[in-house]
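Structure below is data.cif: mmCIF, C-alpha atoms.
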```
data_run
loop_
_atom_site.label_atom_id
_atom_site.label_comp_id
_atom_site.auth_asym_id
_atom_site.auth_seq_id
_atom_site.Cartn_x
_atom_site.Cartn_y
_atom_site.Cartn_z
CA MET A 1 10.00 1.05 38.68
CA LEU A 2 10.83 -1.93 36.43
CA SER A 3 7.97 -3.95 37.87
CA GLN A 4 5.60 -1.07 37.13
CA LEU A 5 6.83 -0.86 33.56
CA ARG A 6 6.44 -4.61 33.18
CA SER A 7 2.88 -4.50 34.44
CA VAL A 8 1.96 -1.48 32.30
CA ALA A 9 3.47 -2.96 29.14
CA ARG A 10 1.85 -6.32 30.05
CA PHE A 11 4.84 -8.47 29.21
CA PRO A 12 4.26 -12.18 29.76
CA SER A 13 6.00 -13.51 32.83
CA SER A 14 7.41 -16.36 30.74
CA VAL A 15 9.39 -13.94 28.60
CA ASN A 16 12.79 -12.97 29.91
CA THR A 17 12.89 -9.19 29.56
CA LEU A 18 15.97 -7.11 30.23
CA PHE A 19 15.45 -3.40 30.87
CA VAL A 20 18.24 -0.92 30.34
CA ASN A 21 17.86 2.67 31.42
CA CYS A 22 18.70 4.88 28.45
CA MET A 23 18.36 8.10 30.43
CA HIS A 24 21.71 9.61 29.50
CA PRO A 25 22.74 13.00 28.09
CA LYS A 26 23.43 11.50 24.69
CA TYR A 27 19.83 10.28 24.62
CA SER A 28 18.50 13.78 25.19
CA HIS A 29 16.00 15.26 22.82
CA THR A 30 16.86 18.26 20.67
CA ASP A 31 15.17 20.63 23.13
CA GLY A 32 17.91 19.91 25.70
CA PHE A 33 15.78 17.91 28.14
CA LEU A 34 16.30 14.30 29.17
CA TYR A 35 13.54 11.81 28.53
CA PRO A 36 13.40 8.39 30.18
CA CYS A 37 13.74 5.57 27.72
CA PHE A 38 13.86 1.88 28.60
CA CYS A 39 14.97 -0.78 26.13
CA TYR A 40 13.99 -4.41 26.45
CA VAL A 41 15.25 -7.52 24.73
CA ASN A 42 13.04 -10.54 24.17
CA SER A 43 15.38 -13.51 24.57
CA HIS A 44 12.97 -15.90 22.82
CA LEU A 45 12.29 -13.77 19.78
CA PHE A 46 15.70 -12.06 19.69
CA SER A 47 13.92 -8.75 19.24
CA LYS A 48 14.52 -5.33 20.75
CA SER A 49 12.24 -2.45 21.55
CA CYS A 50 12.03 0.69 23.65
CA LEU A 51 9.59 2.45 25.88
CA CYS A 52 9.89 6.20 25.62
CA SER A 53 7.95 8.89 27.36
CA VAL A 54 8.08 10.90 24.11
CA GLU A 55 5.92 10.19 21.10
CA PRO A 56 8.17 8.64 18.39
CA ASP A 57 6.42 10.65 15.67
CA ASN A 58 7.47 13.88 17.37
CA LEU A 59 11.05 12.66 17.55
CA THR A 60 11.51 11.77 13.89
CA ASP A 61 10.33 15.22 12.80
CA VAL A 62 13.43 16.86 14.29
CA LEU A 63 15.81 13.91 14.41
CA GLU A 64 19.36 14.27 13.19
CA PHE A 65 21.94 11.56 12.61
CA LEU A 66 25.66 11.89 13.25
CA LEU A 67 27.80 10.05 10.70
CA LEU A 68 30.91 8.96 12.59
CA GLY A 69 32.86 8.17 9.42
CA PHE A 70 36.25 6.54 9.72
CA SER A 71 38.30 8.35 12.36
CA ASP A 72 38.45 11.52 14.47
CA ASP A 73 42.22 11.77 14.04
CA PRO A 74 42.98 15.00 12.07
CA GLY A 75 45.86 13.32 10.25
CA LEU A 76 43.68 10.43 9.10
CA GLN A 77 40.91 12.84 8.15
CA THR A 78 43.27 14.68 5.83
CA LEU A 79 44.29 11.37 4.25
CA THR A 80 40.63 10.31 3.93
CA PHE A 81 39.77 13.64 2.31
CA SER A 82 42.56 13.29 -0.25
CA LEU A 83 41.71 9.66 -1.07
CA PHE A 84 37.99 10.25 -1.45
CA LEU A 85 38.46 13.40 -3.51
CA SER A 86 40.96 11.74 -5.87
CA MET A 87 38.83 8.60 -6.27
CA TYR A 88 35.71 10.67 -6.92
CA VAL A 89 37.46 12.76 -9.59
CA VAL A 90 38.82 9.62 -11.29
CA THR A 91 35.38 7.97 -11.14
CA MET A 92 33.66 10.99 -12.67
CA LEU A 93 36.26 11.45 -15.43
CA GLY A 94 36.42 7.75 -16.31
CA ASN A 95 32.68 7.25 -16.56
CA LEU A 96 32.11 10.56 -18.36
CA LEU A 97 34.73 9.55 -20.95
CA ILE A 98 32.88 6.27 -21.53
CA ILE A 99 29.58 8.14 -21.99
CA LEU A 100 31.16 10.70 -24.37
CA ALA A 101 32.98 8.01 -26.36
CA VAL A 102 29.81 5.96 -26.89
CA SER A 103 27.60 8.93 -27.70
CA SER A 104 30.09 10.55 -30.11
CA ASP A 105 31.04 7.45 -32.10
CA SER A 106 28.35 6.03 -34.39
CA HIS A 107 30.19 2.68 -34.51
CA LEU A 108 29.39 2.23 -30.81
CA HIS A 109 25.66 2.79 -31.15
CA THR A 110 25.03 -0.89 -30.50
CA PRO A 111 23.11 -2.51 -27.61
CA MET A 112 26.24 -3.56 -25.68
CA TYR A 113 27.73 -0.05 -25.65
CA VAL A 114 24.40 1.66 -25.02
CA PHE A 115 24.02 -0.50 -21.91
CA LEU A 116 27.64 0.28 -20.98
CA SER A 117 27.04 4.04 -21.15
CA THR A 118 23.90 3.63 -19.05
CA LEU A 119 25.93 1.65 -16.51
CA SER A 120 28.40 4.55 -16.38
CA VAL A 121 25.53 6.93 -15.59
CA ALA A 122 24.42 4.60 -12.79
CA ASP A 123 27.99 4.42 -11.44
CA ILE A 124 28.24 8.22 -11.36
CA GLY A 125 24.94 8.44 -9.48
CA PHE A 126 25.89 5.59 -7.12
CA THR A 127 29.16 7.26 -6.11
CA SER A 128 27.67 10.76 -5.97
CA THR A 129 25.14 9.78 -3.29
CA THR A 130 27.85 9.17 -0.69
CA VAL A 131 31.29 10.52 -1.60
CA PRO A 132 30.49 14.27 -1.90
CA LYS A 133 28.87 14.12 1.53
CA VAL A 134 32.01 12.55 3.02
CA ILE A 135 34.24 15.19 1.40
CA LEU A 136 31.97 18.02 2.59
CA ASP A 137 31.77 16.61 6.13
CA ILE A 138 35.55 16.47 6.47
CA GLN A 139 35.97 19.94 5.00
CA THR A 140 33.31 21.59 7.19
CA HIS A 141 33.88 19.42 10.30
CA ASN A 142 30.12 18.86 10.40
CA ARG A 143 28.99 15.23 10.04
CA VAL A 144 25.31 15.76 10.86
CA ILE A 145 22.63 14.62 8.43
CA SER A 146 18.93 15.24 8.94
CA HIS A 147 16.32 12.49 9.05
CA ALA A 148 14.93 13.62 5.70
CA GLY A 149 18.43 13.89 4.23
CA CYS A 150 19.21 10.37 5.40
CA LEU A 151 16.09 9.00 3.69
CA ILE A 152 16.92 10.88 0.47
CA GLN A 153 20.49 9.56 0.49
CA LEU A 154 19.25 6.05 1.22
CA SER A 155 16.69 6.28 -1.58
CA PHE A 156 19.20 7.35 -4.26
CA PHE A 157 21.83 4.93 -2.97
CA ASN A 158 19.46 1.98 -3.38
CA LEU A 159 18.17 3.32 -6.70
CA PHE A 160 21.57 3.48 -8.39
CA GLY A 161 22.87 0.38 -6.61
CA CYS A 162 19.94 -1.71 -7.83
CA LEU A 163 20.21 -0.11 -11.30
CA ASP A 164 23.83 -1.29 -11.46
CA SER A 165 22.74 -4.80 -10.58
CA VAL A 166 19.86 -4.95 -13.08
CA LEU A 167 21.93 -3.41 -15.90
CA LEU A 168 24.64 -6.03 -15.37
CA THR A 169 21.92 -8.65 -15.82
CA VAL A 170 20.69 -6.96 -19.00
CA MET A 171 24.25 -6.88 -20.32
CA ALA A 172 24.62 -10.58 -19.54
CA TYR A 173 21.43 -11.24 -21.54
CA ASP A 174 22.87 -9.19 -24.41
CA ARG A 175 26.01 -11.36 -24.44
CA PHE A 176 23.86 -14.48 -24.24
CA VAL A 177 21.91 -13.51 -27.38
CA ALA A 178 25.05 -12.40 -29.22
CA ILE A 179 26.89 -15.69 -28.62
CA CYS A 180 24.07 -18.24 -28.58
CA TYR A 181 21.92 -16.67 -31.34
CA PRO A 182 24.32 -14.56 -33.44
CA LEU A 183 22.19 -14.63 -36.60
CA TYR A 184 19.11 -13.37 -34.76
CA TYR A 185 20.99 -10.83 -32.64
CA PRO A 186 20.09 -7.71 -34.70
CA VAL A 187 16.43 -8.77 -34.75
CA ILE A 188 16.15 -9.64 -31.05
CA MET A 189 18.25 -6.78 -29.65
CA ASN A 190 16.55 -4.06 -31.66
CA PRO A 191 16.60 -0.41 -30.49
CA ARG A 192 13.03 -0.62 -29.18
CA LEU A 193 13.85 -3.59 -26.93
CA CYS A 194 17.02 -1.88 -25.69
CA ARG A 195 15.08 1.23 -24.67
CA LEU A 196 12.46 -0.97 -23.02
CA LEU A 197 15.08 -2.91 -21.06
CA ILE A 198 16.67 0.32 -19.78
CA LEU A 199 13.26 1.71 -18.80
CA VAL A 200 12.27 -1.52 -17.01
CA SER A 201 15.64 -1.57 -15.23
CA PHE A 202 15.03 1.95 -13.95
CA LEU A 203 11.47 1.17 -12.82
CA ILE A 204 12.58 -1.99 -10.99
CA SER A 205 15.34 -0.04 -9.26
CA LEU A 206 12.91 2.74 -8.33
CA LEU A 207 10.53 0.19 -6.81
CA ASP A 208 13.33 -1.39 -4.78
CA SER A 209 14.52 2.02 -3.64
CA GLN A 210 11.09 3.14 -2.46
CA LEU A 211 10.37 -0.12 -0.65
CA GLN A 212 13.70 0.09 1.21
CA CYS A 213 13.02 3.74 2.02
CA LEU A 214 9.55 2.84 3.28
CA VAL A 215 10.98 0.25 5.67
CA VAL A 216 13.52 2.70 7.10
CA SER A 217 10.95 5.52 7.36
CA GLN A 218 8.86 3.33 9.68
CA LEU A 219 11.72 3.12 12.21
CA THR A 220 11.62 5.31 15.30
CA PHE A 221 14.52 6.58 17.35
CA CYS A 222 14.44 7.79 20.94
CA THR A 223 17.30 10.22 20.44
CA ASN A 224 19.76 11.69 17.99
CA VAL A 225 21.65 8.69 16.70
CA GLU A 226 25.34 8.15 16.00
CA ILE A 227 25.81 6.02 12.88
CA PRO A 228 29.23 4.29 12.80
CA HIS A 229 29.42 4.66 9.02
CA PHE A 230 30.07 7.31 6.37
CA PHE A 231 26.54 7.11 4.92
CA CYS A 232 23.06 6.05 6.01
CA ASP A 233 23.45 2.29 5.79
CA PRO A 234 20.11 0.44 6.29
CA PRO A 235 21.56 -2.40 8.45
CA GLN A 236 23.12 0.18 10.78
CA LEU A 237 19.82 2.07 11.06
CA LEU A 238 18.01 -1.17 11.91
CA LYS A 239 20.50 -1.84 14.70
CA LEU A 240 20.06 1.67 16.13
CA SER A 241 16.28 1.75 15.90
CA CYS A 242 14.35 2.11 19.15
CA ASN A 243 11.39 -0.08 18.23
CA ASP A 244 11.07 -3.78 17.45
CA THR A 245 12.80 -4.33 14.10
CA SER A 246 12.23 -8.06 13.64
CA THR A 247 9.45 -7.51 11.09
CA ASN A 248 11.43 -4.78 9.33
CA LYS A 249 14.45 -7.07 9.05
CA ILE A 250 12.39 -9.90 7.58
CA PHE A 251 10.79 -7.54 5.07
CA MET A 252 14.12 -5.96 4.13
CA TYR A 253 15.79 -9.35 3.66
CA PHE A 254 12.82 -10.45 1.56
CA ILE A 255 13.15 -7.37 -0.66
CA GLY A 256 16.91 -7.88 -0.91
CA GLY A 257 16.43 -11.54 -1.79
CA ILE A 258 14.11 -10.66 -4.66
CA PHE A 259 15.90 -7.63 -6.11
CA ALA A 260 19.38 -9.14 -5.70
CA GLY A 261 18.59 -12.82 -6.18
CA ILE A 262 16.76 -12.48 -9.51
CA PRO A 263 19.54 -10.46 -11.23
CA VAL A 264 22.20 -12.89 -9.97
CA SER A 265 20.11 -15.82 -11.21
CA GLY A 266 19.75 -14.13 -14.60
CA ILE A 267 23.51 -13.61 -14.87
CA LEU A 268 24.26 -17.21 -13.85
CA PHE A 269 21.71 -18.55 -16.34
CA SER A 270 23.11 -16.40 -19.17
CA TYR A 271 26.69 -17.47 -18.56
CA THR A 272 25.72 -21.12 -18.17
CA GLN A 273 24.14 -20.99 -21.62
CA ILE A 274 27.12 -19.06 -23.01
CA LEU A 275 29.59 -21.60 -21.65
CA SER A 276 27.54 -24.47 -23.02
CA SER A 277 27.43 -22.83 -26.45
CA VAL A 278 31.15 -21.99 -26.47
CA LEU A 279 32.14 -25.55 -25.58
CA ARG A 280 30.41 -26.71 -28.75
CA VAL A 281 32.67 -24.51 -30.90
CA PRO A 282 35.27 -26.83 -32.53
CA SER A 283 38.21 -24.41 -32.88
CA THR A 284 40.18 -22.95 -29.98
CA GLY A 285 40.35 -19.60 -31.73
CA GLY A 286 36.57 -19.50 -32.02
CA LYS A 287 36.17 -20.26 -28.33
CA TYR A 288 38.61 -17.52 -27.36
CA LYS A 289 36.91 -14.98 -29.64
CA ALA A 290 33.49 -15.76 -28.16
CA LEU A 291 34.66 -15.60 -24.56
CA SER A 292 36.73 -12.43 -25.12
CA THR A 293 33.54 -10.44 -25.67
CA CYS A 294 32.41 -11.43 -22.16
CA GLY A 295 35.69 -10.83 -20.32
CA SER A 296 35.10 -7.19 -19.38
CA HIS A 297 31.52 -7.75 -18.31
CA LEU A 298 32.42 -10.81 -16.25
CA SER A 299 35.20 -8.87 -14.52
CA VAL A 300 32.80 -6.07 -13.58
CA VAL A 301 30.22 -8.58 -12.32
CA CYS A 302 32.80 -10.29 -10.10
CA LEU A 303 34.05 -6.92 -8.81
CA TYR A 304 30.57 -5.59 -8.05
CA TYR A 305 29.03 -8.67 -6.46
CA GLY A 306 32.27 -9.90 -4.91
CA THR A 307 32.88 -6.69 -2.97
CA GLY A 308 29.20 -6.24 -2.08
CA LEU A 309 28.72 -9.77 -0.79
CA GLY A 310 32.07 -9.64 0.99
CA VAL A 311 31.04 -6.53 2.91
CA TYR A 312 27.62 -7.77 3.97
CA LEU A 313 28.76 -11.28 4.82
CA GLY A 314 31.70 -9.83 6.72
CA SER A 315 29.45 -7.45 8.65
CA SER A 316 27.38 -10.38 9.89
CA VAL A 317 30.53 -11.96 11.37
CA SER A 318 32.51 -8.89 12.39
CA HIS A 319 31.40 -6.75 15.33
CA SER A 320 33.50 -3.73 14.32
CA SER A 321 31.33 -1.10 12.59
CA ARG A 322 34.37 0.96 11.64
CA LYS A 323 35.88 -2.01 9.79
CA ASP A 324 32.56 -2.47 7.97
CA ALA A 325 32.67 1.18 6.93
CA VAL A 326 36.19 0.78 5.52
CA ALA A 327 35.16 -2.39 3.67
CA SER A 328 32.11 -0.62 2.21
CA VAL A 329 34.44 1.73 0.35
CA MET A 330 35.29 -1.20 -1.95
CA TYR A 331 31.85 -1.46 -3.54
CA THR A 332 30.63 2.13 -3.09
CA VAL A 333 33.75 3.89 -4.41
CA VAL A 334 36.41 1.52 -5.74
CA ALA A 335 34.14 -0.64 -7.95
CA PRO A 336 32.54 2.30 -9.84
CA MET A 337 36.02 3.84 -10.25
CA LEU A 338 37.51 0.67 -11.78
CA ASN A 339 34.64 -0.14 -14.16
CA PRO A 340 35.69 2.34 -16.91
CA PHE A 341 39.28 1.08 -16.78
CA ILE A 342 38.16 -2.55 -17.08
CA TYR A 343 36.07 -1.81 -20.16
CA SER A 344 38.52 0.58 -21.81
CA LEU A 345 41.65 -1.52 -21.26
CA ARG A 346 40.07 -4.76 -22.47
CA ASN A 347 38.04 -3.35 -25.37
CA ARG A 348 39.61 -2.20 -28.63
CA ASP A 349 36.47 -0.39 -29.81
CA ILE A 350 36.34 1.74 -26.66
CA LYS A 351 40.06 2.53 -26.89
CA ARG A 352 39.70 3.60 -30.54
CA ALA A 353 36.65 5.73 -29.73
CA LEU A 354 38.47 7.39 -26.82
CA GLN A 355 41.49 8.04 -29.04
CA ARG A 356 39.29 9.66 -31.71
CA LEU A 357 37.51 11.70 -29.03
CA LEU A 358 40.80 12.96 -27.57
CA ASN A 359 42.18 13.77 -31.04
CA ARG A 360 39.02 15.71 -31.84
CA THR A 361 39.23 17.81 -28.67
CA ALA A 362 43.01 18.38 -28.98
#
```
Rewrite the structure from the file as structure tokens, please.
Amino acid sequence: MLSQLRSVARFPSSVNTLFVNCMHPKYSHTDGFLYPCFCYVNSHLFSKSCLCSVEPDNLTDVLEFLLLGFSDDPGLQTLTFSLFLSMYVVTMLGNLLIILAVSSDSHLHTPMYVFLSTLSVADIGFTSTTVPKVILDIQTHNRVISHAGCLIQLSFFNLFGCLDSVLLTVMAYDRFVAICYPLYYPVIMNPRLCRLLILVSFLISLLDSQLQCLVVSQLTFCTNVEIPHFFCDPPQLLKLSCNDTSTNKIFMYFIGGIFAGIPVSGILFSYTQILSSVLRVPSTGGKYKALSTCGSHLSVVCLYYGTGLGVYLGSSVSHSSRKDAVASVMYTVVAPMLNPFIYSLRNRDIKRALQRLLNRTA
């Protein structure tokens, strides 16, 4: 049988090809029948593919994914439900308070706080793409997500995640202009440019989201797939794909390198120029005053990129998908939850605006 498959697929004899029979009940199609599926691994190209007796296009039309989440233990599920619900409520309240404080106080209608309120909107969207699904899955004991639902979740997840990244870069540029060119700040950071920067940030994020979604939509699966995560994570989908994903991986890494590398480079450039400008200030008090305006933003940048890079670098070393899922909570849930506290606790203007807002509603 294997020799026949090798001859039909016309694999070169020089390539070491390992066939694994995937004909197992968990690889059954949604109509209840078993379909033979043989996976092969090219040892020279480190690529994987499958031969299925079912057309892949017919499979993806009715494909469903099972999100394994964190644990099947009922006790742990109750704890997970409580933690995720409490963190989601705190995230929503914190970011909504930032948005209300900025919009209701005319003193905060400046570029820095407009970008901050937009970042809060992105954080709400970023968390809302994953956490409500986790809460609902635990409550209903149904962790299935459709193929279309997975693509939609992936699309919005990348949209708001990239928007966070680009907005942090825009905020770094705002601090760069404010510190390095204080006299020209009102002229450079005019309302028209601020609106343009927010619009461009959204369009860049939308482009990144659709490209990532396009890559994942090209993947085929020979069966209903179990994802060892609490959301549709692109690296996990690439691992579980039935076809050769070497090209998809290269393209996805290329996209990630552009849409993550450019914002990081922009932030590093801005803070290099800021540090160079601050070091030229003669008084210690002047240096502290200049750097204090960057403290909150720098803390958020370190939290966002530190947790994100830690998860993805750790996943390349660790072979435990469940541990990767737990680590992903840091940048998908914890980071958006802490952002409002970082800005409100370290910023007098935000604290005064929140106090006036609370006094007005009391």
Assuming the chain letters and numbering stay as they are in my file, what does the PyMOL selection byres ((chain A and resi 251-258) around 8) actually select? List them as a ChimeraX atom specification. /A:208,211-212,215,247-250,259-262
Residue contacts of stretch 172-178 of chain A (6 Å, all atoms listed in the file) excluding same-chain residues fewer than 3 positions away, as a PyMOL selection string: chain A and resi 169+181-182+185+267+270+274
Radius query 12 Å about (22.5, -3.1, -12.7), atoms used: only C-alpha atoms, as JSON, numbers by chain: {"A": [115, 116, 117, 118, 119, 120, 121, 122, 123, 126, 158, 159, 160, 161, 162, 163, 164, 165, 166, 167, 168, 169, 170, 171, 172, 197, 198, 200, 201, 202, 203, 204, 205, 259, 260, 262, 263, 264, 266, 267, 297, 300, 301, 304, 305, 336]}
So what does the PyMOL selection byres ((chain A and resi 102) around 8) actually pick up in this one, as a compact mmCIF listing (two decimals) with C-alpha atoms, in the coordinates of the input?
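The resulting file, selection.txt, is shown below:
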```txt
# COMPACT_ATOMS: atom_id res chain seq x y z
CA ILE A 98 32.88 6.27 -21.53
CA ILE A 99 29.58 8.14 -21.99
CA LEU A 100 31.16 10.70 -24.37
CA ALA A 101 32.98 8.01 -26.36
CA SER A 103 27.60 8.93 -27.70
CA SER A 104 30.09 10.55 -30.11
CA ASP A 105 31.04 7.45 -32.10
CA SER A 106 28.35 6.03 -34.39
CA LEU A 108 29.39 2.23 -30.81
CA HIS A 109 25.66 2.79 -31.15
CA TYR A 113 27.73 -0.05 -25.65
CA VAL A 114 24.40 1.66 -25.02
CA SER A 117 27.04 4.04 -21.15
CA ILE A 350 36.34 1.74 -26.66
CA ALA A 353 36.65 5.73 -29.73
```
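Here atom CA of A:Ser344 and atom CA of A:Ser299 stand 12.4 Å from one another.
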Report as a PyMOL selection string all protein, DNA and RNA residues lying within 12 Å of A:Leu85, evaluated on all atoms listed in the file, omitting residues in the same chain fewer than 3 positions from it. chain A and resi 77-82+88-92+127-128+130-136+138-139+333+337
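The two atoms in question, atom CA of A:Cys242 and atom CA of A:Gly310, are spaced 28.0 Å apart.
For the choices A:Leu237, A:Ile145, A:Ile179, A:Val334, the atom-to-atom distance to A:Arg280 is smallest for A:Ile179 when using all atoms listed in the file.
Of the listed residues (A:Cys294, A:Leu268, A:Phe65, A:Met330), A:Cys294 comes nearest to A:Tyr343; the distances count all atoms listed in the file.
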